[in-house]
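Listing of structure02.cif, mmCIF, C-alpha atoms, pLDDT in the B column; chains and numbers go by the auth columns
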data_structure
loop_
_atom_site.group_PDB
_atom_site.id
_atom_site.type_symbol
_atom_site.label_atom_id
_atom_site.label_comp_id
_atom_site.label_asym_id
_atom_site.label_seq_id
_atom_site.Cartn_x
_atom_site.Cartn_y
_atom_site.Cartn_z
_atom_site.B_iso_or_equiv
_atom_site.auth_seq_id
_atom_site.auth_asym_id
ATOM 1 C CA GLN A 1 15.226 -3.081 -9.640 77.00 1 A
ATOM 2 C CA LYS A 2 13.711 -6.538 -9.241 85.00 2 A
ATOM 3 C CA GLU A 3 11.751 -7.599 -12.305 93.00 3 A
ATOM 4 C CA VAL A 4 9.348 -10.394 -13.157 96.00 4 A
ATOM 5 C CA GLU A 5 8.559 -10.904 -16.835 96.00 5 A
ATOM 6 C CA GLN A 6 5.583 -12.667 -18.372 96.00 6 A
ATOM 7 C CA ASN A 7 4.132 -12.788 -21.862 92.00 7 A
ATOM 8 C CA SER A 8 0.846 -10.885 -21.654 89.00 8 A
ATOM 9 C CA GLY A 9 -0.920 -13.202 -24.132 89.00 9 A
ATOM 10 C CA PRO A 10 -3.658 -13.988 -24.727 95.00 10 A
ATOM 11 C CA LEU A 11 -2.741 -17.647 -24.761 96.00 11 A
ATOM 12 C CA SER A 12 -5.552 -19.630 -26.353 97.00 12 A
ATOM 13 C CA VAL A 13 -5.810 -23.398 -25.881 97.00 13 A
ATOM 14 C CA PRO A 14 -8.623 -25.826 -26.669 98.00 14 A
ATOM 15 C CA GLU A 15 -10.538 -27.459 -23.854 98.00 15 A
ATOM 16 C CA GLY A 16 -8.720 -30.525 -22.551 97.00 16 A
ATOM 17 C CA ALA A 17 -5.286 -29.361 -23.709 98.00 17 A
ATOM 18 C CA ILE A 18 -2.258 -28.458 -21.608 98.00 18 A
ATOM 19 C CA ALA A 19 -1.692 -24.746 -21.021 98.00 19 A
ATOM 20 C CA SER A 20 1.911 -23.710 -20.409 97.00 20 A
ATOM 21 C CA LEU A 21 2.605 -20.362 -18.755 98.00 21 A
ATOM 22 C CA ASN A 22 6.102 -18.989 -18.329 97.00 22 A
ATOM 23 C CA CYS A 23 7.856 -16.426 -16.179 97.00 23 A
ATOM 24 C CA THR A 24 11.409 -15.156 -15.783 97.00 24 A
ATOM 25 C CA TYR A 25 12.819 -13.124 -12.922 97.00 25 A
ATOM 26 C CA SER A 26 15.843 -10.927 -12.422 95.00 26 A
ATOM 27 C CA ASP A 27 16.831 -11.390 -8.755 92.00 27 A
ATOM 28 C CA ARG A 28 19.085 -14.442 -8.606 92.00 28 A
ATOM 29 C CA GLY A 29 18.766 -14.551 -4.825 90.00 29 A
ATOM 30 C CA SER A 30 14.990 -15.062 -4.882 91.00 30 A
ATOM 31 C CA GLN A 31 13.710 -18.042 -2.915 90.00 31 A
ATOM 32 C CA SER A 32 9.913 -17.902 -3.111 91.00 32 A
ATOM 33 C CA PHE A 33 7.840 -18.236 -6.260 95.00 33 A
ATOM 34 C CA PHE A 34 4.093 -18.061 -6.578 96.00 34 A
ATOM 35 C CA TRP A 35 1.384 -18.403 -9.182 98.00 35 A
ATOM 36 C CA TYR A 36 -1.898 -16.576 -8.684 98.00 36 A
ATOM 37 C CA ARG A 37 -5.052 -16.624 -10.772 98.00 37 A
ATOM 38 C CA GLN A 38 -7.091 -13.470 -11.241 98.00 38 A
ATOM 39 C CA TYR A 39 -10.539 -13.418 -12.757 97.00 39 A
ATOM 40 C CA SER A 40 -11.752 -10.168 -14.272 95.00 40 A
ATOM 41 C CA GLY A 41 -12.870 -7.768 -11.545 93.00 41 A
ATOM 42 C CA LYS A 42 -11.601 -10.015 -8.745 96.00 42 A
ATOM 43 C CA SER A 43 -8.509 -10.124 -6.568 97.00 43 A
ATOM 44 C CA PRO A 44 -5.637 -12.534 -7.136 98.00 44 A
ATOM 45 C CA GLU A 45 -5.986 -15.962 -5.548 97.00 45 A
ATOM 46 C CA LEU A 46 -3.120 -18.348 -4.880 96.00 46 A
ATOM 47 C CA ILE A 47 -2.795 -21.442 -7.065 96.00 47 A
ATOM 48 C CA MET A 48 0.687 -22.768 -6.340 95.00 48 A
ATOM 49 C CA PHE A 49 3.909 -21.910 -4.607 95.00 49 A
ATOM 50 C CA ILE A 50 7.326 -23.450 -5.111 95.00 50 A
ATOM 51 C CA TYR A 51 10.583 -22.922 -3.249 92.00 51 A
ATOM 52 C CA SER A 52 12.902 -25.649 -4.618 92.00 52 A
ATOM 53 C CA ASN A 53 14.201 -26.502 -8.075 94.00 53 A
ATOM 54 C CA GLY A 54 12.144 -29.071 -9.930 95.00 54 A
ATOM 55 C CA ASP A 55 8.457 -29.798 -10.263 96.00 55 A
ATOM 56 C CA LYS A 56 5.614 -29.514 -7.797 96.00 56 A
ATOM 57 C CA GLU A 57 2.223 -30.966 -8.636 97.00 57 A
ATOM 58 C CA ASP A 58 -1.190 -30.164 -7.190 96.00 58 A
ATOM 59 C CA GLY A 59 -4.128 -31.682 -8.997 97.00 59 A
ATOM 60 C CA ARG A 60 -4.202 -30.397 -12.574 98.00 60 A
ATOM 61 C CA PHE A 61 -1.487 -27.839 -11.851 98.00 61 A
ATOM 62 C CA THR A 62 2.284 -28.312 -11.980 98.00 62 A
ATOM 63 C CA ALA A 63 4.760 -25.588 -11.094 97.00 63 A
ATOM 64 C CA GLN A 64 8.306 -25.889 -12.397 97.00 64 A
ATOM 65 C CA LEU A 65 11.300 -23.960 -11.101 97.00 65 A
ATOM 66 C CA ASN A 66 14.767 -23.634 -12.588 96.00 66 A
ATOM 67 C CA LYS A 67 16.821 -21.248 -10.461 95.00 67 A
ATOM 68 C CA ALA A 68 19.895 -21.506 -12.700 95.00 68 A
ATOM 69 C CA SER A 69 17.867 -20.184 -15.621 95.00 69 A
ATOM 70 C CA GLN A 70 15.753 -17.897 -13.381 96.00 70 A
ATOM 71 C CA TYR A 71 12.650 -19.421 -14.880 96.00 71 A
ATOM 72 C CA VAL A 72 9.325 -20.494 -13.412 97.00 72 A
ATOM 73 C CA SER A 73 6.467 -22.122 -15.279 97.00 73 A
ATOM 74 C CA LEU A 74 2.936 -23.315 -14.622 98.00 74 A
ATOM 75 C CA LEU A 75 1.335 -26.177 -16.486 98.00 75 A
ATOM 76 C CA ILE A 76 -2.422 -26.641 -16.421 98.00 76 A
ATOM 77 C CA ARG A 77 -3.511 -30.086 -17.594 98.00 77 A
ATOM 78 C CA ASP A 78 -6.969 -30.857 -18.964 98.00 78 A
ATOM 79 C CA SER A 79 -7.705 -27.147 -19.333 98.00 79 A
ATOM 80 C CA GLN A 80 -11.306 -26.114 -18.726 97.00 80 A
ATOM 81 C CA PRO A 81 -13.195 -22.987 -19.834 97.00 81 A
ATOM 82 C CA SER A 82 -13.362 -22.063 -16.135 97.00 82 A
ATOM 83 C CA ASP A 83 -9.543 -21.795 -16.175 98.00 83 A
ATOM 84 C CA SER A 84 -9.859 -18.749 -18.438 98.00 84 A
ATOM 85 C CA ALA A 85 -8.310 -15.960 -16.383 98.00 85 A
ATOM 86 C CA THR A 86 -5.117 -13.959 -15.971 98.00 86 A
ATOM 87 C CA TYR A 87 -2.264 -15.891 -14.372 98.00 87 A
ATOM 88 C CA LEU A 88 0.172 -13.848 -12.331 98.00 88 A
ATOM 89 C CA CYS A 89 3.689 -14.952 -11.517 98.00 89 A
ATOM 90 C CA ALA A 90 5.073 -13.495 -8.281 96.00 90 A
ATOM 91 C CA VAL A 91 8.554 -13.477 -6.870 94.00 91 A
ATOM 92 C CA ASN A 92 7.682 -11.924 -3.566 86.00 92 A
ATOM 93 C CA PRO A 93 6.800 -9.124 -3.382 91.00 93 A
ATOM 94 C CA ILE A 94 7.051 -8.381 -7.117 94.00 94 A
ATOM 95 C CA PHE A 95 4.373 -9.493 -9.569 96.00 95 A
ATOM 96 C CA GLY A 96 4.580 -9.908 -13.316 97.00 96 A
ATOM 97 C CA THR A 97 2.068 -8.284 -15.631 96.00 97 A
ATOM 98 C CA GLY A 98 0.175 -11.567 -15.980 97.00 98 A
ATOM 99 C CA THR A 99 -0.661 -13.848 -18.885 97.00 99 A
ATOM 100 C CA ARG A 100 -4.243 -13.943 -20.056 97.00 100 A
ATOM 101 C CA LEU A 101 -5.385 -17.514 -20.727 97.00 101 A
ATOM 102 C CA LYS A 102 -8.393 -18.363 -22.852 97.00 102 A
ATOM 103 C CA VAL A 103 -9.630 -21.954 -22.891 98.00 103 A
ATOM 104 C CA LEU A 104 -11.844 -22.528 -25.882 96.00 104 A
ATOM 105 C CA ALA A 105 -14.816 -24.889 -25.494 93.00 105 A
ATOM 106 C CA ASP B 1 -10.286 -16.766 9.431 56.00 1 B
ATOM 107 C CA THR B 2 -12.351 -13.861 8.182 80.00 2 B
ATOM 108 C CA GLY B 3 -9.995 -12.954 5.358 94.00 3 B
ATOM 109 C CA VAL B 4 -8.378 -9.654 4.496 97.00 4 B
ATOM 110 C CA SER B 5 -10.806 -6.761 4.764 97.00 5 B
ATOM 111 C CA GLN B 6 -10.451 -3.433 2.949 98.00 6 B
ATOM 112 C CA ASP B 7 -12.446 -0.285 3.401 97.00 7 B
ATOM 113 C CA PRO B 8 -13.916 1.480 1.526 98.00 8 B
ATOM 114 C CA ARG B 9 -14.634 -0.676 -1.515 97.00 9 B
ATOM 115 C CA HIS B 10 -14.982 2.355 -3.734 98.00 10 B
ATOM 116 C CA LYS B 11 -13.778 5.921 -3.383 98.00 11 B
ATOM 117 C CA ILE B 12 -14.543 8.760 -5.763 98.00 12 B
ATOM 118 C CA THR B 13 -12.839 12.047 -5.110 97.00 13 B
ATOM 119 C CA LYS B 14 -11.779 15.230 -6.829 97.00 14 B
ATOM 120 C CA ARG B 15 -8.238 15.827 -7.952 97.00 15 B
ATOM 121 C CA GLY B 16 -6.172 17.419 -5.220 97.00 16 B
ATOM 122 C CA GLN B 17 -8.041 15.840 -2.315 98.00 17 B
ATOM 123 C CA ASN B 18 -6.457 13.499 0.210 98.00 18 B
ATOM 124 C CA VAL B 19 -7.752 9.949 0.598 98.00 19 B
ATOM 125 C CA THR B 20 -7.114 7.240 3.172 98.00 20 B
ATOM 126 C CA PHE B 21 -7.749 3.528 2.845 98.00 21 B
ATOM 127 C CA ARG B 22 -7.823 0.914 5.564 98.00 22 B
ATOM 128 C CA CYS B 23 -6.774 -2.733 5.527 98.00 23 B
ATOM 129 C CA ASP B 24 -7.438 -5.329 8.213 97.00 24 B
ATOM 130 C CA PRO B 25 -5.264 -8.399 7.630 97.00 25 B
ATOM 131 C CA ILE B 26 -5.940 -11.969 8.673 95.00 26 B
ATOM 132 C CA SER B 27 -5.439 -11.832 12.423 92.00 27 B
ATOM 133 C CA GLU B 28 -2.460 -14.170 12.758 88.00 28 B
ATOM 134 C CA HIS B 29 -0.607 -12.694 9.756 92.00 29 B
ATOM 135 C CA ASN B 30 2.205 -10.351 10.676 91.00 30 B
ATOM 136 C CA ARG B 31 3.149 -9.305 7.134 94.00 31 B
ATOM 137 C CA LEU B 32 1.002 -6.793 5.288 96.00 32 B
ATOM 138 C CA TYR B 33 1.462 -5.587 1.710 96.00 33 B
ATOM 139 C CA TRP B 34 -0.010 -2.756 -0.344 97.00 34 B
ATOM 140 C CA TYR B 35 -0.270 -2.926 -4.131 97.00 35 B
ATOM 141 C CA ARG B 36 -1.754 -0.777 -6.870 97.00 36 B
ATOM 142 C CA GLN B 37 -3.275 -2.353 -9.957 98.00 37 B
ATOM 143 C CA THR B 38 -4.486 -0.751 -13.172 96.00 38 B
ATOM 144 C CA LEU B 39 -6.355 -2.428 -16.020 94.00 39 B
ATOM 145 C CA GLY B 40 -4.280 -4.987 -17.885 92.00 40 B
ATOM 146 C CA GLN B 41 -1.366 -4.797 -15.475 95.00 41 B
ATOM 147 C CA GLY B 42 -0.196 -6.952 -12.617 96.00 42 B
ATOM 148 C CA PRO B 43 -0.236 -5.677 -9.042 97.00 43 B
ATOM 149 C CA GLU B 44 2.450 -3.021 -8.588 96.00 44 B
ATOM 150 C CA PHE B 45 4.230 -3.326 -5.254 96.00 45 B
ATOM 151 C CA LEU B 46 4.001 -0.224 -3.060 96.00 46 B
ATOM 152 C CA THR B 47 5.172 -1.192 0.405 96.00 47 B
ATOM 153 C CA TYR B 48 5.125 -3.889 3.063 93.00 48 B
ATOM 154 C CA PHE B 49 5.183 -4.207 6.840 94.00 49 B
ATOM 155 C CA GLN B 50 6.272 -6.870 9.220 92.00 50 B
ATOM 156 C CA ASN B 51 4.334 -6.169 12.375 92.00 51 B
ATOM 157 C CA GLU B 52 4.539 -2.385 12.788 93.00 52 B
ATOM 158 C CA ALA B 53 7.829 -1.970 10.921 93.00 53 B
ATOM 159 C CA GLN B 54 7.742 -0.763 7.326 93.00 54 B
ATOM 160 C CA LEU B 55 10.461 -2.939 5.815 91.00 55 B
ATOM 161 C CA GLU B 56 10.342 -2.033 2.159 90.00 56 B
ATOM 162 C CA LYS B 57 8.941 0.752 0.049 91.00 57 B
ATOM 163 C CA SER B 58 8.973 0.919 -3.727 91.00 58 B
ATOM 164 C CA ARG B 59 11.408 3.430 -5.150 85.00 59 B
ATOM 165 C CA LEU B 60 8.705 4.304 -7.651 77.00 60 B
ATOM 166 C CA LEU B 61 6.391 5.407 -4.882 81.00 61 B
ATOM 167 C CA SER B 62 5.726 9.133 -4.820 85.00 62 B
ATOM 168 C CA ASP B 63 6.177 10.973 -1.531 92.00 63 B
ATOM 169 C CA ARG B 64 2.456 11.757 -1.734 95.00 64 B
ATOM 170 C CA PHE B 65 1.892 8.148 -0.613 96.00 65 B
ATOM 171 C CA SER B 66 2.328 7.128 2.990 95.00 66 B
ATOM 172 C CA ALA B 67 1.396 3.993 4.863 96.00 67 B
ATOM 173 C CA GLU B 68 1.226 3.131 8.529 96.00 68 B
ATOM 174 C CA ARG B 69 0.620 0.096 10.657 96.00 69 B
ATOM 175 C CA PRO B 70 0.842 1.584 14.139 91.00 70 B
ATOM 176 C CA LYS B 71 0.041 -1.427 16.297 87.00 71 B
ATOM 177 C CA GLY B 72 1.004 -4.163 13.909 86.00 72 B
ATOM 178 C CA SER B 73 -2.623 -4.971 13.147 91.00 73 B
ATOM 179 C CA PHE B 74 -4.590 -2.856 10.647 96.00 74 B
ATOM 180 C CA SER B 75 -2.860 -0.570 8.176 98.00 75 B
ATOM 181 C CA THR B 76 -3.766 2.680 6.438 98.00 76 B
ATOM 182 C CA LEU B 77 -2.601 3.987 3.079 97.00 77 B
ATOM 183 C CA GLU B 78 -2.916 7.719 2.518 97.00 78 B
ATOM 184 C CA ILE B 79 -2.582 9.520 -0.795 97.00 79 B
ATOM 185 C CA GLN B 80 -2.178 13.268 -0.557 97.00 80 B
ATOM 186 C CA ARG B 81 -3.037 15.750 -3.315 97.00 81 B
ATOM 187 C CA THR B 82 -4.504 13.053 -5.553 97.00 82 B
ATOM 188 C CA GLU B 83 -3.849 13.133 -9.290 96.00 83 B
ATOM 189 C CA GLN B 84 -5.671 11.566 -12.229 95.00 84 B
ATOM 190 C CA GLY B 85 -2.949 8.939 -12.500 95.00 85 B
ATOM 191 C CA ASP B 86 -3.741 7.690 -8.999 96.00 86 B
ATOM 192 C CA SER B 87 -6.971 6.149 -10.273 97.00 87 B
ATOM 193 C CA ALA B 88 -6.513 2.417 -9.741 97.00 88 B
ATOM 194 C CA MET B 89 -7.452 -0.554 -7.617 98.00 89 B
ATOM 195 C CA TYR B 90 -5.512 -0.556 -4.345 98.00 90 B
ATOM 196 C CA LEU B 91 -4.981 -4.057 -3.047 98.00 91 B
ATOM 197 C CA CYS B 92 -3.933 -5.138 0.406 98.00 92 B
ATOM 198 C CA ALA B 93 -2.535 -8.592 1.134 97.00 93 B
ATOM 199 C CA SER B 94 -1.294 -10.348 4.240 95.00 94 B
ATOM 200 C CA SER B 95 0.816 -13.388 4.957 94.00 95 B
ATOM 201 C CA PRO B 96 2.463 -15.153 7.856 90.00 96 B
ATOM 202 C CA ALA B 97 6.136 -14.447 8.330 80.00 97 B
ATOM 203 C CA GLY B 98 8.778 -16.945 9.279 68.00 98 B
ATOM 204 C CA GLY B 99 11.461 -19.051 7.695 62.00 99 B
ATOM 205 C CA PRO B 100 13.814 -18.107 4.889 57.00 100 B
ATOM 206 C CA SER B 101 11.083 -18.168 2.281 65.00 101 B
ATOM 207 C CA ASN B 102 8.189 -15.792 1.960 80.00 102 B
ATOM 208 C CA GLN B 103 4.739 -17.220 2.538 88.00 103 B
ATOM 209 C CA PRO B 104 1.814 -16.959 0.106 91.00 104 B
ATOM 210 C CA GLN B 105 -0.200 -13.770 0.260 94.00 105 B
ATOM 211 C CA HIS B 106 -3.933 -13.554 0.827 95.00 106 B
ATOM 212 C CA PHE B 107 -5.584 -10.601 -0.883 97.00 107 B
ATOM 213 C CA GLY B 108 -8.477 -8.409 0.093 98.00 108 B
ATOM 214 C CA ASP B 109 -11.131 -7.337 -2.397 97.00 109 B
ATOM 215 C CA GLY B 110 -9.411 -4.002 -2.941 98.00 110 B
ATOM 216 C CA THR B 111 -10.391 -0.346 -2.863 98.00 111 B
ATOM 217 C CA ARG B 112 -11.187 1.160 -6.246 98.00 112 B
ATOM 218 C CA LEU B 113 -10.146 4.806 -6.405 98.00 113 B
ATOM 219 C CA SER B 114 -11.548 7.109 -9.071 97.00 114 B
ATOM 220 C CA ILE B 115 -10.213 10.635 -9.414 97.00 115 B
ATOM 221 C CA LEU B 116 -12.534 13.124 -11.089 93.00 116 B
#
Translate this structure into structure tokens?
Amino acid sequence: QKEVEQNSGPLSVPEGAIASLNCTYSDRGSQSFFWYRQYSGKSPELIMFIYSNGDKEDGRFTAQLNKASQYVSLLIRDSQPSDSATYLCAVNPIFGTGTRLKVLA
Amino acid sequence: DTGVSQDPRHKITKRGQNVTFRCDPISEHNRLYWYRQTLGQGPEFLTYFQNEAQLEKSRLLSDRFSAERPKGSFSTLEIQRTEQGDSAMYLCASSPAGGPSNQPQHFGDGTRLSIL
């Protein structure tokens, strides 16, 4: 049974801070890792994907992958209240339960 | 690119009835996924297709659930003899296939099922 684990939160950070979201997965053979954002009542939308060990940056977002530790993380720099949402880690096709992020103005 | 389309948006039915949902993926996407999501949980994988072939089905999926993608385009998900626990949002997603790595999924707006 493939599993993806996330802390459900909520994770509260002040506006302008760095939010760090973490995810672990069970299938050592996994090759594709995704972060989605889901606002309440909406469908998930893709933020980042990463296939190789290391960091991948896109604007305020950085995805980090460590296959040896089976660990994926998402950093959000300069957090904004509009970033408040649930962040879902996916190791295709399995999703974690999501971490709820609250950015406090 | 018109996005992933799901129909209906909402379905209310009595326990024991059968329901069918439809998903139209992005036209050039040959992978199609079905998920179920309840409040406070992440999307729960149900099944996925590559073209018309159903390649994977969750072991947790009851035999009351069946999905088809007969011509490799749209897909239907049928739930027979619905139960209260089937109340959820049913999400469809599509992605291109190709390469050793899976591609990002694009989600539809979902079908919300309520069982009375």
Could you state which residues are captured by the PyMOL selection byres ((chain A and resi 68-74) around 6) in this file, as a list of chain:residue names? A:Ser20, A:Leu21, A:Asn22, A:Cys23, A:Thr24, A:Tyr25, A:Thr62, A:Ala63, A:Gln64, A:Leu65, A:Asn66, A:Lys67, A:Leu75
Skip Glu28 of chain B itself and residues of its chain fewer than 4 positions away, then list as a PyMOL selection string all residues within 12 Å of it, counting only C-alpha atoms. chain B and resi 1-4+24+32+50-51+72-74+94-97
Output for the residues just chosen: C-alpha atoms as an mmCIF file, in the frame of the given file:
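In the end it all went to again14.cif:
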data_model
loop_
_atom_site.group_PDB
_atom_site.id
_atom_site.type_symbol
_atom_site.label_atom_id
_atom_site.label_comp_id
_atom_site.auth_asym_id
_atom_site.auth_seq_id
_atom_site.Cartn_x
_atom_site.Cartn_y
_atom_site.Cartn_z
ATOM 1 C CA ASP B 1 -10.286 -16.766 9.431
ATOM 2 C CA THR B 2 -12.351 -13.861 8.182
ATOM 3 C CA GLY B 3 -9.995 -12.954 5.358
ATOM 4 C CA VAL B 4 -8.378 -9.654 4.496
ATOM 5 C CA ASP B 24 -7.438 -5.329 8.213
ATOM 6 C CA LEU B 32 1.002 -6.793 5.288
ATOM 7 C CA GLN B 50 6.272 -6.870 9.220
ATOM 8 C CA ASN B 51 4.334 -6.169 12.375
ATOM 9 C CA GLY B 72 1.004 -4.163 13.909
ATOM 10 C CA SER B 73 -2.623 -4.971 13.147
ATOM 11 C CA PHE B 74 -4.590 -2.856 10.647
ATOM 12 C CA SER B 94 -1.294 -10.348 4.240
ATOM 13 C CA SER B 95 0.816 -13.388 4.957
ATOM 14 C CA PRO B 96 2.463 -15.153 7.856
ATOM 15 C CA ALA B 97 6.136 -14.447 8.330
#
Which residues, named as in the file, does the PyMOL selection byres ((chain A) within 10 of (chain B)) pick out? Answer as number ranges by chain. A: 1, 6, 8, 30-36, 38, 40-51, 86-100
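Put simply, atom CA of Pro81 of chain A is 6.2 Å away from atom CA of Leu104 of chain A.
Atom CA of Ala53 of chain B to atom CA of Arg81 of chain B spans 25.2 Å [interatomic distance, one decimal].
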Could you check the closest approach to Asp78 of chain A for each of A:Phe61, A:Pro10, A:Ser52, A:Lys2 and tell me which residue wins, using all atoms listed in the file? A:Phe61
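With only C-alpha atoms as the basis for measurement, B:Gln84 is the residue among B:Gln84, B:Arg112, B:Glu68, B:Tyr90 that approaches Lys14 of chain B most closely.
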As a PDB file, in the frame of the given file, could you write out segment 86-94 of chain B once it has been completed with all heavy atoms?
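The new file out_37.pdb reads:
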ATOM      1  N   ASP B  86      -3.586   8.525 -10.196  1.00 96.00           N
ATOM      2  CA  ASP B  86      -3.741   7.690  -8.999  1.00 96.00           C
ATOM      3  C   ASP B  86      -4.960   6.784  -9.101  1.00 96.00           C
ATOM      4  O   ASP B  86      -5.127   5.889  -8.261  1.00 96.00           O
ATOM      5  CB  ASP B  86      -3.873   8.565  -7.744  1.00 96.00           C
ATOM      6  CG  ASP B  86      -2.639   9.394  -7.474  1.00 96.00           C
ATOM      7  OD1 ASP B  86      -1.528   8.970  -7.871  1.00 96.00           O
ATOM      8  OD2 ASP B  86      -2.777  10.476  -6.868  1.00 96.00           O
ATOM      9  N   SER B  87      -5.795   7.001 -10.098  1.00 97.00           N
ATOM     10  CA  SER B  87      -6.971   6.149 -10.273  1.00 97.00           C
ATOM     11  C   SER B  87      -6.522   4.716 -10.530  1.00 97.00           C
ATOM     12  O   SER B  87      -5.766   4.449 -11.463  1.00 97.00           O
ATOM     13  CB  SER B  87      -7.818   6.636 -11.456  1.00 97.00           C
ATOM     14  OG  SER B  87      -8.355   7.914 -11.203  1.00 97.00           O
ATOM     15  N   ALA B  88      -6.963   3.810  -9.689  1.00 97.00           N
ATOM     16  CA  ALA B  88      -6.513   2.417  -9.741  1.00 97.00           C
ATOM     17  C   ALA B  88      -7.265   1.616  -8.694  1.00 97.00           C
ATOM     18  O   ALA B  88      -8.028   2.166  -7.899  1.00 97.00           O
ATOM     19  CB  ALA B  88      -5.011   2.317  -9.468  1.00 97.00           C
ATOM     20  N   MET B  89      -7.004   0.301  -8.708  1.00 98.00           N
ATOM     21  CA  MET B  89      -7.452  -0.554  -7.617  1.00 98.00           C
ATOM     22  C   MET B  89      -6.282  -0.675  -6.648  1.00 98.00           C
ATOM     23  O   MET B  89      -5.161  -0.989  -7.057  1.00 98.00           O
ATOM     24  CB  MET B  89      -7.829  -1.944  -8.142  1.00 98.00           C
ATOM     25  CG  MET B  89      -8.239  -2.916  -7.055  1.00 98.00           C
ATOM     26  SD  MET B  89      -9.831  -2.495  -6.335  1.00 98.00           S
ATOM     27  CE  MET B  89     -10.938  -3.250  -7.532  1.00 98.00           C
ATOM     28  N   TYR B  90      -6.543  -0.425  -5.375  1.00 98.00           N
ATOM     29  CA  TYR B  90      -5.512  -0.556  -4.345  1.00 98.00           C
ATOM     30  C   TYR B  90      -5.790  -1.833  -3.563  1.00 98.00           C
ATOM     31  O   TYR B  90      -6.832  -1.982  -2.937  1.00 98.00           O
ATOM     32  CB  TYR B  90      -5.488   0.677  -3.451  1.00 98.00           C
ATOM     33  CG  TYR B  90      -4.923   1.866  -4.211  1.00 98.00           C
ATOM     34  CD1 TYR B  90      -5.744   2.621  -5.050  1.00 98.00           C
ATOM     35  CD2 TYR B  90      -3.576   2.174  -4.149  1.00 98.00           C
ATOM     36  CE1 TYR B  90      -5.227   3.662  -5.793  1.00 98.00           C
ATOM     37  CE2 TYR B  90      -3.048   3.225  -4.890  1.00 98.00           C
ATOM     38  CZ  TYR B  90      -3.877   3.955  -5.713  1.00 98.00           C
ATOM     39  OH  TYR B  90      -3.357   4.990  -6.464  1.00 98.00           O
ATOM     40  N   LEU B  91      -4.837  -2.733  -3.651  1.00 98.00           N
ATOM     41  CA  LEU B  91      -4.981  -4.057  -3.047  1.00 98.00           C
ATOM     42  C   LEU B  91      -4.113  -4.177  -1.806  1.00 98.00           C
ATOM     43  O   LEU B  91      -2.977  -3.722  -1.786  1.00 98.00           O
ATOM     44  CB  LEU B  91      -4.561  -5.141  -4.038  1.00 98.00           C
ATOM     45  CG  LEU B  91      -5.428  -5.308  -5.284  1.00 98.00           C
ATOM     46  CD1 LEU B  91      -4.715  -6.173  -6.318  1.00 98.00           C
ATOM     47  CD2 LEU B  91      -6.763  -5.928  -4.925  1.00 98.00           C
ATOM     48  N   CYS B  92      -4.671  -4.807  -0.803  1.00 98.00           N
ATOM     49  CA  CYS B  92      -3.933  -5.138   0.406  1.00 98.00           C
ATOM     50  C   CYS B  92      -3.842  -6.659   0.489  1.00 98.00           C
ATOM     51  O   CYS B  92      -4.778  -7.376   0.116  1.00 98.00           O
ATOM     52  CB  CYS B  92      -4.647  -4.581   1.623  1.00 98.00           C
ATOM     53  SG  CYS B  92      -3.901  -5.004   3.203  1.00 98.00           S
ATOM     54  N   ALA B  93      -2.717  -7.152   0.955  1.00 97.00           N
ATOM     55  CA  ALA B  93      -2.535  -8.592   1.134  1.00 97.00           C
ATOM     56  C   ALA B  93      -1.811  -8.832   2.447  1.00 97.00           C
ATOM     57  O   ALA B  93      -1.063  -7.968   2.931  1.00 97.00           O
ATOM     58  CB  ALA B  93      -1.741  -9.188  -0.026  1.00 97.00           C
ATOM     59  N   SER B  94      -2.024  -9.996   3.020  1.00 95.00           N
ATOM     60  CA  SER B  94      -1.294 -10.348   4.240  1.00 95.00           C
ATOM     61  C   SER B  94      -0.767 -11.764   4.135  1.00 95.00           C
ATOM     62  O   SER B  94      -1.261 -12.578   3.337  1.00 95.00           O
ATOM     63  CB  SER B  94      -2.174 -10.180   5.482  1.00 95.00           C
ATOM     64  OG  SER B  94      -3.197 -11.160   5.536  1.00 95.00           O
TER      65      SER B  94
END
